[in-house]
>>> print(open('work_4.tsv').read())   # TSV, C-alpha atoms and all ligand atoms
chain	number	residue	atom	x	y	z
S	909	MET	CA	-0.59	30.40	31.18
S	910	GLY	CA	-3.03	31.25	33.98
S	911	LYS	CA	-6.38	29.64	34.55
S	912	VAL	CA	-9.41	31.51	35.78
S	913	LEU	CA	-12.50	30.57	37.75
S	914	ILE	CA	-15.50	32.85	37.18
S	915	VAL	CA	-18.13	32.61	39.90
S	916	VAL	CA	-21.52	34.00	38.89
S	917	GLY	CA	-23.80	35.12	41.72
S	918	SER	CA	-27.11	35.20	39.85
S	919	ARG	CA	-29.15	32.16	38.84
S	920	ARG	CA	-30.76	33.78	35.81
S	921	GLU	CA	-29.04	34.20	32.48
S	922	GLY	CA	-28.89	37.93	33.14
S	923	ASN	CA	-26.24	40.61	33.41
S	924	SER	CA	-23.79	38.63	35.57
S	925	TYR	CA	-23.99	35.55	33.37
S	926	ASN	CA	-23.75	37.54	30.14
S	927	LEU	CA	-20.68	39.36	31.44
S	928	ALA	CA	-19.09	36.06	32.50
S	929	ASN	CA	-19.54	34.67	29.00
S	930	LYS	CA	-18.08	37.78	27.43
S	931	ILE	CA	-15.03	37.58	29.72
S	932	LYS	CA	-14.58	33.87	28.95
S	933	GLU	CA	-14.81	34.49	25.19
S	934	GLU	CA	-12.27	37.35	25.27
S	935	LEU	CA	-9.81	35.53	27.56
S	936	LYS	CA	-9.96	32.54	25.25
S	937	LYS	CA	-8.66	34.74	22.41
S	938	GLU	CA	-5.58	35.31	24.60
S	939	ARG	CA	-5.35	31.54	25.17
S	940	ILE	CA	-6.37	31.98	28.81
S	941	ILE	CA	-8.66	29.16	29.97
S	942	SER	CA	-11.59	30.05	32.20
S	943	TYR	CA	-14.39	28.09	33.82
S	944	ILE	CA	-17.78	29.56	34.69
S	945	ILE	CA	-19.75	28.25	37.64
S	946	VAL	CA	-23.15	29.35	38.92
S	947	PRO	CA	-23.32	28.13	42.53
S	948	GLY	CA	-27.04	28.99	42.77
S	949	ASN	CA	-27.81	26.39	40.12
S	950	GLN	CA	-25.70	23.70	41.80
S	951	LYS	CA	-26.29	21.41	44.74
S	952	ILE	CA	-24.47	23.12	47.61
S	953	TYR	CA	-25.43	22.52	51.24
S	954	LEU	CA	-25.28	25.44	53.65
S	955	CYS	CA	-22.26	25.52	55.96
S	956	THR	CA	-23.43	24.44	59.42
S	957	GLY	CA	-20.42	25.98	61.16
S	958	CYS	CA	-19.47	22.58	62.61
S	959	MET	CA	-15.79	23.54	62.23
S	960	ASP	CA	-14.73	19.97	61.40
S	961	CYS	CA	-12.82	21.44	58.42
S	962	ASP	CA	-10.73	23.46	60.88
S	963	LYS	CA	-9.33	20.15	62.11
S	964	ASN	CA	-8.63	18.33	58.87
S	965	GLY	CA	-9.34	20.73	55.97
S	966	VAL	CA	-12.17	18.54	54.72
S	967	CYS	CA	-15.91	19.25	54.66
S	968	ASP	CA	-18.24	16.42	55.68
S	969	PHE	CA	-20.77	17.23	52.95
S	970	THR	CA	-20.76	15.46	49.59
S	971	ASP	CA	-22.04	17.89	46.97
S	972	ASP	CA	-20.92	20.12	44.07
S	973	MET	CA	-18.43	22.01	46.26
S	974	GLN	CA	-15.95	19.16	45.88
S	975	LYS	CA	-15.58	19.78	42.14
S	976	ASN	CA	-15.74	23.55	42.68
S	977	ILE	CA	-12.85	23.35	45.14
S	978	ASP	CA	-10.81	21.20	42.73
S	979	ARG	CA	-11.42	23.81	40.03
S	980	LEU	CA	-10.50	26.68	42.29
S	981	LEU	CA	-7.25	25.01	43.29
S	982	GLU	CA	-6.39	24.61	39.61
S	983	CYS	CA	-6.89	28.36	38.97
S	984	ASP	CA	-4.63	31.33	39.72
S	985	THR	CA	-7.41	33.93	39.60
S	986	VAL	CA	-10.98	33.88	40.86
S	987	ILE	CA	-13.41	36.42	39.42
S	988	PHE	CA	-16.54	36.94	41.51
S	989	ILE	CA	-19.42	38.56	39.61
S	990	THR	CA	-22.23	39.47	41.95
S	991	PRO	CA	-25.56	41.10	41.27
S	992	THR	CA	-25.84	43.80	43.94
S	993	ARG	CA	-28.49	42.82	46.46
S	994	TRP	CA	-29.35	45.30	49.21
S	995	ASN	CA	-25.93	46.94	48.69
S	996	LEU	CA	-24.34	43.54	49.38
S	997	LEU	CA	-23.04	40.48	47.56
S	998	SER	CA	-25.61	37.86	46.48
S	999	GLY	CA	-26.61	35.13	48.92
S	1000	ASP	CA	-25.47	32.43	46.48
S	1001	ILE	CA	-21.92	33.79	46.52
S	1002	LYS	CA	-21.95	34.04	50.30
S	1003	ILE	CA	-23.03	30.39	50.56
S	1004	PHE	CA	-20.18	29.47	48.19
S	1005	MET	CA	-17.68	31.50	50.23
S	1006	ASP	CA	-18.71	29.88	53.50
S	1007	ARG	CA	-18.00	26.48	52.00
S	1008	LEU	CA	-14.44	27.59	51.13
S	1009	ASN	CA	-13.46	27.42	54.80
S	1010	PRO	CA	-11.57	24.10	54.28
S	1011	LEU	CA	-9.23	26.05	51.98
S	1012	TYR	CA	-8.81	28.82	54.54
S	1013	THR	CA	-7.86	26.29	57.19
S	1014	THR	CA	-5.24	24.74	54.92
S	1015	LYS	CA	-4.01	28.18	53.73
S	1016	LYS	CA	-4.74	27.39	50.10
S	1017	LEU	CA	-6.42	30.73	49.38
S	1018	VAL	CA	-3.43	32.80	50.48
S	1019	ASN	CA	-2.26	35.14	47.70
S	1020	LYS	CA	-4.61	33.66	45.10
S	1021	LYS	CA	-5.70	36.56	42.90
S	1022	MET	CA	-9.28	37.74	43.25
S	1023	VAL	CA	-11.34	40.15	41.13
S	1024	ALA	CA	-14.54	41.65	42.54
S	1025	ILE	CA	-17.24	42.74	40.09
S	1026	SER	CA	-20.65	44.01	41.13
S	1027	ILE	CA	-23.61	44.78	38.90
S	1028	GLY	CA	-26.70	46.67	39.98
S	1029	SER	CA	-29.61	48.74	38.79
S	1030	THR	CA	-28.78	51.96	40.65
S	1031	LYS	CA	-26.78	54.95	39.45
S	1032	LYS	CA	-23.10	55.39	40.22
S	1033	ASP	CA	-23.68	58.23	42.72
S	1034	VAL	CA	-25.80	55.93	44.93
S	1035	TYR	CA	-22.67	53.86	45.77
S	1036	SER	CA	-24.80	50.73	46.08
S	1037	ASN	CA	-22.60	48.65	43.75
S	1038	PHE	CA	-19.52	50.11	45.38
S	1039	ASP	CA	-20.78	48.75	48.70
S	1040	ALA	CA	-21.42	45.34	47.12
S	1041	SER	CA	-17.83	45.34	45.87
S	1042	ILE	CA	-16.68	46.11	49.40
S	1043	SER	CA	-18.51	43.05	50.66
S	1044	LEU	CA	-16.54	40.96	48.15
S	1045	THR	CA	-13.24	42.60	49.06
S	1046	ASN	CA	-13.98	41.99	52.75
S	1047	PHE	CA	-13.94	38.29	51.90
S	1048	ALA	CA	-10.55	38.72	50.24
S	1049	THR	CA	-9.18	40.43	53.33
S	1050	ALA	CA	-10.52	37.74	55.66
S	1051	SER	CA	-9.45	34.82	53.48
S	1052	LYS	CA	-6.06	36.40	52.65
S	1053	MET	CA	-6.77	36.32	48.94
S	1054	ASP	CA	-5.19	39.14	46.97
S	1055	CYS	CA	-7.92	41.40	45.56
S	1056	VAL	CA	-6.26	42.94	42.50
S	1057	LEU	CA	-9.25	44.67	40.92
S	1058	THR	CA	-12.76	45.85	41.74
S	1059	TYR	CA	-15.15	46.96	39.02
S	1060	GLU	CA	-18.74	48.17	39.21
S	1061	PHE	CA	-21.48	48.26	36.60
S	1062	ASN	CA	-24.33	50.64	37.32
S	1063	ASP	CA	-27.71	51.11	35.56
S	1064	CYS	CA	-28.26	47.40	34.89
S	1065	LEU	CA	-31.82	46.32	35.70
S	1066	ASN	CA	-32.99	44.02	32.91
S	1067	PHE	CA	-31.34	40.78	31.78
S	1068	LYS	CA	-29.04	42.20	29.11
S	1069	ASP	CA	-28.67	45.88	30.09
S	1070	ILE	CA	-24.97	45.30	30.70
S	1071	LEU	CA	-24.30	44.50	27.05
S	1072	LYS	CA	-25.11	48.16	26.20
S	1073	GLN	CA	-22.05	49.22	28.24
S	1074	GLU	CA	-19.53	48.19	25.64
S	1075	ASP	CA	-16.84	50.70	26.67
S	1076	ASN	CA	-16.91	49.57	30.29
S	1077	ILE	CA	-16.82	45.91	29.31
S	1078	ASN	CA	-13.83	46.51	27.04
S	1079	GLU	CA	-12.01	48.48	29.73
S	1080	LEU	CA	-12.59	45.66	32.22
S	1081	ILE	CA	-11.47	42.97	29.78
S	1082	GLU	CA	-8.23	44.82	28.96
S	1083	LYS	CA	-7.43	44.87	32.69
S	1084	LEU	CA	-8.36	41.18	33.06
S	1085	LYS	CA	-6.11	40.15	30.18
S	1086	ILE	CA	-3.13	41.54	32.10
S	1087	ILE	CA	-4.20	40.12	35.48
S	1088	CYS	CA	-5.07	36.63	34.23
S	1089	LYS	CA	-2.05	36.08	31.94
O	1101	LIG	C1	-33.47	41.14	46.04
O	1101	LIG	C2	-32.80	42.14	45.14
O	1101	LIG	C3	-32.13	43.19	45.70
O	1101	LIG	C4	-31.50	44.14	44.88
O	1101	LIG	N1	-30.83	45.17	45.48
O	1101	LIG	C5	-30.16	46.06	44.69
O	1101	LIG	C6	-29.37	47.08	45.28
O	1101	LIG	O1	-29.24	47.20	46.51
O	1101	LIG	N2	-28.71	47.94	44.46
O	1101	LIG	C7	-28.80	47.85	43.09
O	1101	LIG	O2	-28.16	48.65	42.38
O	1101	LIG	N3	-29.56	46.88	42.50
O	1101	LIG	C8	-30.23	46.00	43.26
O	1101	LIG	N4	-30.96	44.98	42.68
O	1101	LIG	C9	-31.02	44.89	41.20
O	1101	LIG	C10	-30.02	43.90	40.62
O	1101	LIG	O3	-28.76	44.04	41.20
O	1101	LIG	C11	-29.85	44.13	39.11
O	1101	LIG	O4	-31.08	43.94	38.46
O	1101	LIG	C12	-28.78	43.24	38.51
O	1101	LIG	O5	-28.51	43.66	37.20
O	1101	LIG	C13	-29.20	41.79	38.49
O	1101	LIG	O6	-28.17	40.98	37.96
O	1101	LIG	P1	-28.49	39.70	37.10
O	1101	LIG	O7	-29.14	40.17	35.82
O	1101	LIG	O8	-27.19	39.06	36.88
O	1101	LIG	O9	-29.43	38.86	37.90
O	1101	LIG	C14	-31.59	44.02	43.47
O	1101	LIG	C15	-32.27	42.93	42.91
O	1101	LIG	C16	-32.86	42.00	43.74
O	1101	LIG	C17	-33.58	40.81	43.11
>>> encode(input="work_4.tsv", output="structure tokens")
Amino acid sequence: MGKVLIVVGSRREGNSYNLANKIKEELKKERIISYIIVPGNQKIYLCTGCMDCDKNGVCDFTDDMQKNIDRLLECDTVIFITPTRWNLLSGDIKIFMDRLNPLYTTKKLVNKKMVAISIGSTKKDVYSNFDASISLTNFATASKMDCVLTYEFNDCLNFKDILKQEDNINELIEKLKIICK
């Protein structure tokens, strides 16, 4: 049975966090274990670009990324849920991604499944959330992860707007059940 890491890109208990909880709850019914992390609420130093990890696959910093990396290695699928910010992924997710370089160096991200979900306040025809998804899939391409699904939620401004989009959530969860099995 697969294990799933859900990475939430917003610090507030808003749309991204509410969606993560919903996914976790529904996957649990299928006996799929998932872990939610919110990097923005953890202690994570910014990558300095020292490149030491290119030599030995280890980062010199001691912080919450050590347990995050252990979790990620345990999981077959990583689901990134980003609030769309300026048509891009959130800064917290980018900081998290930069600190995954030790796993790139040691080729431990290759072929791991990745799901890219973006959530924003704009309408579908603005393509803002689509662009945010692209910024997540660009990471998959560069890291050699296997992006198996992208999904966008539009019209989400306030904390719990996403919970009104029941049909979209159900459609997403049906797809995730197959991917994360
Ligand atoms: C700095 C900032 C930039 C944003 N830029 C966009 C944007 O480019 N497109 C969009 O659709 N929504 C944008 N939003 C709105 C958020 O994506 C939206 O409110 C989202 O639902 C927030 O997710 P959360 O509730 O998980 O924090 C922005 C919000 C902030 C704070």
>>> atom_distance(input="work_4.tsv", atom1="CA of Asn923 (chain S)", atom2="CA of Lys937 (chain S)")
21.6 Å
>>> atom_distance(input="work_4.tsv", atom1="CA of Thr970 (chain S)", atom2="CA of Tyr1012 (chain S)")
18.6 Å
>>> residues_near_ligand(input="work_4.tsv", ligand="ligand LIG 1101 (chain O)", cutoff="8 Å", atoms="all atoms listed in the file", output="PDB file with C-alpha atoms, keeping the file's coordinate frame")
ATOM      1  CA  VAL S 916     -21.520  34.000  38.890  1.00  0.00           C
ATOM      2  CA  GLY S 917     -23.800  35.120  41.720  1.00  0.00           C
ATOM      3  CA  SER S 918     -27.110  35.200  39.850  1.00  0.00           C
ATOM      4  CA  ARG S 919     -29.150  32.160  38.840  1.00  0.00           C
ATOM      5  CA  ARG S 920     -30.760  33.780  35.810  1.00  0.00           C
ATOM      6  CA  GLU S 921     -29.040  34.200  32.480  1.00  0.00           C
ATOM      7  CA  GLY S 922     -28.890  37.930  33.140  1.00  0.00           C
ATOM      8  CA  ASN S 923     -26.240  40.610  33.410  1.00  0.00           C
ATOM      9  CA  SER S 924     -23.790  38.630  35.570  1.00  0.00           C
ATOM     10  CA  TYR S 925     -23.990  35.550  33.370  1.00  0.00           C
ATOM     11  CA  ASN S 926     -23.750  37.540  30.140  1.00  0.00           C
ATOM     12  CA  THR S 990     -22.230  39.470  41.950  1.00  0.00           C
ATOM     13  CA  PRO S 991     -25.560  41.100  41.270  1.00  0.00           C
ATOM     14  CA  THR S 992     -25.840  43.800  43.940  1.00  0.00           C
ATOM     15  CA  ARG S 993     -28.490  42.820  46.460  1.00  0.00           C
ATOM     16  CA  TRP S 994     -29.350  45.300  49.210  1.00  0.00           C
ATOM     17  CA  ASN S 995     -25.930  46.940  48.690  1.00  0.00           C
ATOM     18  CA  LEU S 996     -24.340  43.540  49.380  1.00  0.00           C
ATOM     19  CA  ILE S1027     -23.610  44.780  38.900  1.00  0.00           C
ATOM     20  CA  GLY S1028     -26.700  46.670  39.980  1.00  0.00           C
ATOM     21  CA  SER S1029     -29.610  48.740  38.790  1.00  0.00           C
ATOM     22  CA  THR S1030     -28.780  51.960  40.650  1.00  0.00           C
ATOM     23  CA  LYS S1031     -26.780  54.950  39.450  1.00  0.00           C
ATOM     24  CA  SER S1036     -24.800  50.730  46.080  1.00  0.00           C
ATOM     25  CA  ASN S1037     -22.600  48.650  43.750  1.00  0.00           C
ATOM     26  CA  ASN S1062     -24.330  50.640  37.320  1.00  0.00           C
ATOM     27  CA  ASP S1063     -27.710  51.110  35.560  1.00  0.00           C
ATOM     28  CA  CYS S1064     -28.260  47.400  34.890  1.00  0.00           C
ATOM     29  CA  LEU S1065     -31.820  46.320  35.700  1.00  0.00           C
ATOM     30  CA  ASN S1066     -32.990  44.020  32.910  1.00  0.00           C
ATOM     31  CA  PHE S1067     -31.340  40.780  31.780  1.00  0.00           C
ATOM     32  CA  LYS S1068     -29.040  42.200  29.110  1.00  0.00           C
ATOM     33  CA  ASP S1069     -28.670  45.880  30.090  1.00  0.00           C
ATOM     34  CA  ILE S1070     -24.970  45.300  30.700  1.00  0.00           C
TER      35      ILE S1070
END
>>> atom_distance(input="work_4.tsv", atom1="CA of Ser998 (chain S)", atom2="CA of Ser942 (chain S)")
21.5 Å
>>> residues_around(input="work_4.tsv", residues="region 1073-1082 of chain S", least_positions_apart="6", cutoff="10 Å", atoms="all atoms listed in the file", output="list in words")
Leu927, Lys930, Ile931, Lys932, Glu934, Leu935, Ile1025, Leu1057, Thr1058, Tyr1059, Glu1060, Phe1061, Asn1062, Asp1063 and Cys1064 of chain S
>>> residues_near_point(input="work_4.tsv", point="(-28.2, 28.5, 44.0)", cutoff="12 Å", atoms="all atoms listed in the file", output="list in words")
Val915, Val916, Gly917, Ser918, Arg919, Arg920, Ile945, Val946, Pro947, Gly948, Asn949, Gln950, Lys951, Ile952, Tyr953, Leu954, Asp972, Met973, Ser998, Gly999, Asp1000, Ile1001, Lys1002, Ile1003 and Phe1004 of chain S
>>> closest_residue(input="work_4.tsv", among="S:Val966, S:Ile987, S:Ile1042, S:Val1034", to="Met1022 (chain S)", atoms="only C-alpha atoms")
S:Ile987
>>> residues_around(input="work_4.tsv", residues="region 981-986 of chain S", least_positions_apart="6", cutoff="9 Å", atoms="all atoms listed in the file", output="ChimeraX atom specification")
/S:910-915,942,1011,1016-1017,1020-1024,1087-1088
>>> residues_near_point(input="work_4.tsv", point="(-6.7, 21.2, 58.7)", cutoff="6 Å", atoms="only C-alpha atoms", output="CSV table (one decimal) with C-alpha atoms, in the frame of the given file")
chain,number,residue,atom,x,y,z
S,962,ASP,CA,-10.7,23.5,60.9
S,963,LYS,CA,-9.3,20.2,62.1
S,964,ASN,CA,-8.6,18.3,58.9
S,965,GLY,CA,-9.3,20.7,56.0
S,1013,THR,CA,-7.9,26.3,57.2
S,1014,THR,CA,-5.2,24.7,54.9
>>> build_atoms(input="work_4.tsv", residues="region 1027-1040 of chain S", atoms="N, CA and C atoms", output="PDB file, in the coordinates of the input")
ATOM      1  N   ILE S1027     -22.718  44.268  39.952  1.00  0.00           N
ATOM      2  CA  ILE S1027     -23.610  44.780  38.900  1.00  0.00           C
ATOM      3  C   ILE S1027     -24.959  45.100  39.540  1.00  0.00           C
ATOM      4  N   GLY S1028     -25.408  46.330  39.384  1.00  0.00           N
ATOM      5  CA  GLY S1028     -26.700  46.670  39.980  1.00  0.00           C
ATOM      6  C   GLY S1028     -27.481  47.647  39.135  1.00  0.00           C
ATOM      7  N   SER S1029     -28.698  47.894  39.575  1.00  0.00           N
ATOM      8  CA  SER S1029     -29.610  48.740  38.790  1.00  0.00           C
ATOM      9  C   SER S1029     -29.461  50.232  39.110  1.00  0.00           C
ATOM     10  N   THR S1030     -28.821  50.550  40.227  1.00  0.00           N
ATOM     11  CA  THR S1030     -28.780  51.960  40.650  1.00  0.00           C
ATOM     12  C   THR S1030     -27.687  52.747  39.919  1.00  0.00           C
ATOM     13  N   LYS S1031     -27.765  54.061  40.089  1.00  0.00           N
ATOM     14  CA  LYS S1031     -26.780  54.950  39.450  1.00  0.00           C
ATOM     15  C   LYS S1031     -25.483  54.964  40.271  1.00  0.00           C
ATOM     16  N   LYS S1032     -24.418  55.378  39.579  1.00  0.00           N
ATOM     17  CA  LYS S1032     -23.100  55.390  40.220  1.00  0.00           C
ATOM     18  C   LYS S1032     -23.084  56.183  41.538  1.00  0.00           C
ATOM     19  N   ASP S1033     -23.776  57.362  41.543  1.00  0.00           N
ATOM     20  CA  ASP S1033     -23.680  58.230  42.720  1.00  0.00           C
ATOM     21  C   ASP S1033     -24.430  57.677  43.944  1.00  0.00           C
ATOM     22  N   VAL S1034     -25.113  56.540  43.784  1.00  0.00           N
ATOM     23  CA  VAL S1034     -25.800  55.930  44.930  1.00  0.00           C
ATOM     24  C   VAL S1034     -24.815  55.052  45.746  1.00  0.00           C
ATOM     25  N   TYR S1035     -23.714  54.674  45.122  1.00  0.00           N
ATOM     26  CA  TYR S1035     -22.670  53.860  45.770  1.00  0.00           C
ATOM     27  C   TYR S1035     -23.134  52.465  46.212  1.00  0.00           C
ATOM     28  N   SER S1036     -24.274  52.036  45.675  1.00  0.00           N
ATOM     29  CA  SER S1036     -24.800  50.730  46.080  1.00  0.00           C
ATOM     30  C   SER S1036     -23.900  49.596  45.574  1.00  0.00           C
ATOM     31  N   ASN S1037     -23.481  49.691  44.311  1.00  0.00           N
ATOM     32  CA  ASN S1037     -22.600  48.650  43.750  1.00  0.00           C
ATOM     33  C   ASN S1037     -21.203  48.728  44.355  1.00  0.00           C
ATOM     34  N   PHE S1038     -20.799  49.928  44.687  1.00  0.00           N
ATOM     35  CA  PHE S1038     -19.520  50.110  45.380  1.00  0.00           C
ATOM     36  C   PHE S1038     -19.543  49.325  46.707  1.00  0.00           C
ATOM     37  N   ASP S1039     -20.657  49.468  47.425  1.00  0.00           N
ATOM     38  CA  ASP S1039     -20.780  48.750  48.700  1.00  0.00           C
ATOM     39  C   ASP S1039     -20.778  47.231  48.495  1.00  0.00           C
ATOM     40  N   ALA S1040     -21.414  46.789  47.412  1.00  0.00           N
ATOM     41  CA  ALA S1040     -21.420  45.340  47.120  1.00  0.00           C
ATOM     42  C   ALA S1040     -19.992  44.866  46.851  1.00  0.00           C
TER      43      ALA S1040
END
